[in-house]
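Encoded as structure tokens, the structure appears first; notes follow it.
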Amino acid sequence: MTTQTAHDIDSVDLAEFRSTVRAFANAEIQPGAAARDESKEFPAQLVKRLGQQDLMGISVPEEFGGLGLSTRTQLVAIEEVARTDAALASIYTAHYLGLEPILVGGSEEQKHRWLPQLASGELLAGFALTEPDAGSDIASMRTVARREDDGWHLSGSKTYISNAKEADLVVLFAKTDPSAGFRGITAFVVPKGTPGISYSEPQDKMGIRSAPTYTVYLDDVVLPLDSVIGTEGRGGNIALTALNRARIDVAAMANGIALRAWELGREYATERKQFGTPIFDFQAIQLLLGGCDAQLVASRVTADWAADVKDAGQDIRRAASISKYVATEACFSIVDQTVQIHGGAGFMRESEIERLYRDCRILRIFEGTSQIQLLTIAGNAPSPRSTDF
């Protein structure tokens with residue numbers, strides 16, 4: 001078990017940082033991943049350990065209790081966690097998505113109140129935007145918030161919400177002006193235990209099964225007036241800004257799963273023999289593995305590029321969507337091809353690659369489907385005369 005933490009590593013030495021996180025993940029996360037998938041048990045102790053390893057606030061500025069390191073550093077951590085357990089990585093990235101609205105839109109008081117505890121891992125965050133009739137089209141949400149003398153009164157429901165019941169606070173979006181569409185959305189901080197909130201049973205999912213999602217019901221939930229993040233009507237912009245940043249994290253999650261799939265494919269190909277020789281010696285297998293290797297390198301480079309665009313303070317909509325699209329599509333392709341290398345063994349439930357196949361499918365859906373990413377890319381493309389490619 002490693003005793004070194006993220007804070008002990010120089011921000012520019014990403015290789016050493018990766019080595020530290022990988023040692024932790026191999027020792028503590030990977031051994032129980034299959035059992036957690038089977039039991040669907042929330043890995044509370046491992047979430048706590050991520051905080052103890054200084055991994056819950058990597059890119060949060062130091063003034064708010066984080067490490068103040070680069071987005072590339074955060075991507076390395078997410079990738080290494082995903083390589084060993086995609087479900088834990090989903091909980092982990094949902095935490096970053098939940099704290100992001102406070103970081104980008106919160107008041108100084110809200111940042112100093114919430115971010116230090118989120119960055120340390122003392123608190124876990126969630127993000128509640130999606131509704132049964134409002135997925136990609138967030139302007140059609142029906143959850144409403146009305147202002148009264150005693151605070152904000154919220155009613156409605158959210159669905160497919162990660163970390164919802166386990167989170168210590170959830171950033172939740174509601175219509176404060178139902179007639180204003182996108183401009184009528186407002187973001188709220190909702191602490192755990194707020195009266196009027198109830199949850200469905202954990203939803204039974206194809207993959208990432210120990211990362212529970214819920215439908216959340218709000219029955220006249222009353223929040224203090226200072227629960228608004230930013231100002232009334234800015235919630236839509238805050239949500240999209242947070243989602244754009246989170247798409248880079250999802251790219252890293254995809255790359256971690258893809259990396260593990262490629263490793264499993266190579267291992268199986270060198271151990272499995274047919275016609276008296278390891279199947280790795282067959283050109284057909286080498287073509288599959290070579291294609292996987294090329295896709296993985298390309299998607300990791302693309303994610304690093306998007307991280308650099310974010311850290312440079314530039315508009316990340318195009319870069320974030322490109323990174324998520326490239327990485328999640330590549331991940332699905334790599335996992336599919338490595339299942340093919342395993343043959344029938346890859347179709348068995350006891351096979352690790354079978355679990356990766358189920359886990360990776362959601363990546364092309366959450367934080368914006370692949371089709372939404374392509375629309376965003378097309379809508380933010382540079383001019384044909386531009387040299388910005």
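Residue numbering restarts at 1 for every chain of the structure tokens, chains are lettered A, B, ... in their displayed order, and ligands are numbered from 1 as they appear.
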
> How would you write, as an MDAnalysis selection string, the set of residues in segment 100-282 of chain A that DSSP gives as strand (DSSP E)?
Replying inline: chainID A and resid 125:128 144:148 151:162 169:175 185:191 197:199 213:223 228:229 273:274 277:278

For Arg49 of chain A, list every protein, DNA or RNA residue within 10 Å, evaluated using only C-alpha atoms, and leave out those in the same chain fewer than 4 positions away; present the list as a compact mmCIF listing (two decimals) with N, CA, C and O atoms, in the first residue's frame.
# COMPACT_ATOMS: atom_id res chain seq x y z
N PHE A 24 -1.48 2.84 -5.96
CA PHE A 24 -2.64 2.88 -5.07
C PHE A 24 -3.82 2.12 -5.67
O PHE A 24 -4.47 1.29 -5.00
N GLU A 28 -5.47 -1.20 -3.99
CA GLU A 28 -6.67 -1.02 -3.20
C GLU A 28 -7.98 -1.03 -3.99
O GLU A 28 -9.03 -1.38 -3.44
N ILE A 29 -7.94 -0.63 -5.27
CA ILE A 29 -9.18 -0.53 -6.03
C ILE A 29 -9.46 -1.78 -6.84
O ILE A 29 -10.56 -2.34 -6.79
N PRO A 43 -18.96 1.88 -3.03
CA PRO A 43 -17.64 1.71 -2.39
C PRO A 43 -17.26 2.90 -1.51
O PRO A 43 -16.31 3.64 -1.79
N ALA A 44 -17.98 3.07 -0.41
CA ALA A 44 -17.81 4.24 0.44
C ALA A 44 -16.38 4.36 0.96
O ALA A 44 -15.82 5.47 1.01
N GLN A 45 -15.76 3.25 1.34
CA GLN A 45 -14.42 3.30 1.89
C GLN A 45 -13.41 3.74 0.83
O GLN A 45 -12.47 4.49 1.13
N GLN A 53 -5.89 10.26 -0.36
CA GLN A 53 -4.78 10.30 -1.31
C GLN A 53 -4.66 11.65 -2.02
O GLN A 53 -3.90 11.80 -2.97
N ASP A 54 -5.42 12.65 -1.55
CA ASP A 54 -5.40 14.00 -2.13
C ASP A 54 -5.83 14.02 -3.59
O ASP A 54 -5.30 14.79 -4.40
N LEU A 55 -6.84 13.21 -3.93
CA LEU A 55 -7.26 13.10 -5.33
C LEU A 55 -8.63 13.73 -5.61
O LEU A 55 -9.08 13.70 -6.74
N MET A 56 -9.26 14.32 -4.61
CA MET A 56 -10.63 14.81 -4.81
C MET A 56 -10.71 16.29 -5.18
O MET A 56 -11.79 16.79 -5.47
N GLY A 121 -12.19 15.73 0.15
CA GLY A 121 -12.91 14.47 0.18
C GLY A 121 -13.77 14.30 1.42
O GLY A 121 -14.43 13.28 1.59

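Nearest to Thr130 of chain A of all the residues A:Ile102, A:Ile161, A:Ala15, A:Ala330 is A:Ile161, counting only C-alpha atoms.
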
Residues near His153 of chain A, cut-off 6 Å, only C-alpha atoms, skip fewer than 2 positions along chain, as a PDB file with N, CA and C atoms, in the first residue's frame:
ATOM      1  N   ALA A 145     -38.790  26.184  -9.061  1.00  0.00           N
ATOM      2  CA  ALA A 145     -38.438  26.794  -7.775  1.00  0.00           C
ATOM      3  C   ALA A 145     -39.122  28.154  -7.705  1.00  0.00           C
ATOM      4  N   ARG A 146     -39.863  28.365  -6.645  1.00  0.00           N
ATOM      5  CA  ARG A 146     -40.530  29.666  -6.468  1.00  0.00           C
ATOM      6  C   ARG A 146     -40.009  30.319  -5.201  1.00  0.00           C
ATOM      7  N   ASP A 220     -41.939  20.031  -2.332  1.00  0.00           N
ATOM      8  CA  ASP A 220     -41.887  21.305  -1.613  1.00  0.00           C
ATOM      9  C   ASP A 220     -40.633  21.393  -0.734  1.00  0.00           C
ATOM     10  N   VAL A 221     -39.493  21.202  -1.371  1.00  0.00           N
ATOM     11  CA  VAL A 221     -38.201  21.320  -0.695  1.00  0.00           C
ATOM     12  C   VAL A 221     -37.904  22.800  -0.483  1.00  0.00           C
ATOM     13  N   VAL A 222     -37.617  23.191   0.757  1.00  0.00           N
ATOM     14  CA  VAL A 222     -37.359  24.595   1.071  1.00  0.00           C
ATOM     15  C   VAL A 222     -35.864  24.801   1.289  1.00  0.00           C
TER      16      VAL A 222
END

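When only C-alpha atoms are used to compute distances to Asp281 of chain A, the closest of the residues A:His112, A:Ser179, A:Arg266, A:Ser140 turns out to be A:Arg266.
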
> segment 227-379 of chain A: which residues are alpha helix (DSSP H) by DSSP, as a ChimeraX atom specification?
Replying inline: /A:235-271,283-311,317-342,352-360,370-379

Under the rule of at most 12 Å, produce a per-residue listing of segment 364-383 of chain A near segment 235-244 of chain A: chain, number, name, the closest pair of atoms, and the distance in Å, as a tab-separated table, using only C-alpha atoms.
residue	atom	partner	partner_atom	distance
A:Phe366	CA	A:Leu243	CA	9.9
A:Glu367	CA	A:Leu243	CA	6.2
A:Gly368	CA	A:Leu243	CA	8.1
A:Thr369	CA	A:Leu243	CA	11.8
A:Ile372	CA	A:Asn244	CA	11.6
A:Gln373	CA	A:Asn244	CA	9.9
A:Thr376	CA	A:Asn244	CA	10.2
A:Ile377	CA	A:Asn244	CA	11.8

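For the pair atom CA of Ser59 of chain A and atom CA of Cys360 of chain A, the interatomic distance is 25.0 Å.
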
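Counting only C-alpha atoms, Ala258 of chain A has the following residues at most 7 Å away, ignoring those fewer than 5 positions along the same chain: Leu296, Cys331, Ile334 and Val335 of chain A.
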
> Can you tell me, as a PyMOL selection string, what residues are no more than 9 Å from Thr73 of chain A when counting only C-alpha atoms, ignoring any on the same chain fewer than 4 positions away?
Replying inline: chain A and resi 11-12+14+17-18+58-59+69+77-78

With N, CA, C and O atoms retained, could you export that selection as a CSV table (one decimal), in the first residue's frame?
chain,number,residue,atom,x,y,z
A,11,SER,N,4.0,19.0,-9.8
A,11,SER,CA,2.9,19.1,-10.8
A,11,SER,C,3.4,18.8,-12.2
A,11,SER,O,2.6,18.4,-13.1
A,12,VAL,N,4.7,18.9,-12.5
A,12,VAL,CA,5.1,18.7,-13.9
A,12,VAL,C,5.6,17.3,-14.1
A,12,VAL,O,5.8,16.8,-15.2
A,14,LEU,N,4.4,14.2,-14.4
A,14,LEU,CA,3.2,13.4,-14.5
A,14,LEU,C,3.5,11.9,-14.5
A,14,LEU,O,2.6,11.1,-14.1
A,17,PHE,N,3.6,10.9,-10.9
A,17,PHE,CA,2.3,11.0,-10.4
A,17,PHE,C,1.4,9.8,-10.9
A,17,PHE,O,0.7,9.2,-10.0
A,18,ARG,N,1.5,9.5,-12.1
A,18,ARG,CA,0.8,8.3,-12.6
A,18,ARG,C,1.2,7.0,-11.9
A,18,ARG,O,0.4,6.2,-11.5
A,58,ILE,N,-7.9,18.0,-7.2
A,58,ILE,CA,-6.6,18.1,-7.9
A,58,ILE,C,-6.5,19.5,-8.6
A,58,ILE,O,-5.5,20.2,-8.4
A,59,SER,N,-7.5,19.9,-9.3
A,59,SER,CA,-7.5,21.1,-10.1
A,59,SER,C,-8.2,22.3,-9.4
A,59,SER,O,-8.3,23.4,-10.0
A,69,LEU,N,-3.4,22.0,-9.2
A,69,LEU,CA,-2.6,21.4,-10.2
A,69,LEU,C,-3.4,21.5,-11.6
A,69,LEU,O,-4.5,21.9,-11.7
A,77,ALA,N,-5.2,11.0,-12.9
A,77,ALA,CA,-5.8,10.3,-11.8
A,77,ALA,C,-7.1,9.6,-12.2
A,77,ALA,O,-7.3,8.4,-11.8
A,78,ILE,N,-7.9,10.3,-13.0
A,78,ILE,CA,-9.2,9.7,-13.4
A,78,ILE,C,-8.9,8.4,-14.3
A,78,ILE,O,-9.6,7.4,-14.2

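Comparing the minimum interatomic distances between Asp13 of chain A and each of A:Gln203, A:Ser70, A:Asn163, A:Ser39, counting only C-alpha atoms, we find that A:Ser70 sits nearest.
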
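Counting only C-alpha atoms, the residue from A:Ser210, A:Thr328, A:Thr143, A:Gln340 that sits nearest to Ile285 of chain A is A:Gln340.
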
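Proximity to Lys40 of chain A at 10 Å, evaluated using only C-alpha atoms and with sequence-adjacent residues fewer than 6 positions away removed, yields A:Ala34, A:Ala87, A:Pro202, A:Asp204, A:Lys205, A:Gly207, A:Ile208, A:Arg209, A:Ser210, A:Ala211, A:Pro212.
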
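Restricting the calculation to only C-alpha atoms, the smallest distance between Gly126 of chain A and any of A:Glu79, A:Asp149, A:Glu166, A:Glu109 is found for A:Glu166.
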
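When only C-alpha atoms are used to compute distances to Leu356 of chain A, the closest of the residues A:Ala303, A:Leu129, A:Met253, A:Leu287 turns out to be A:Met253.
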
> When you draw a straight line from atom CA of Pro191 of chain A to atom CA of Ala86 of chain A, how long is it in Å?
Replying inline: 26.4 Å

> If we count only C-alpha atoms, what is near segment 217-219 of chain A at a cut-off of 9 Å, once residues fewer than 2 positions away on the same chain are taken out, given as a PyMOL selection string?
Replying inline: chain A and resi 143+153-159+195-200+215+221

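For the atom pair formed by atom CA of Leu115 of chain A and atom CA of Gly68 of chain A, the distance is 12.3 Å, given to one decimal.
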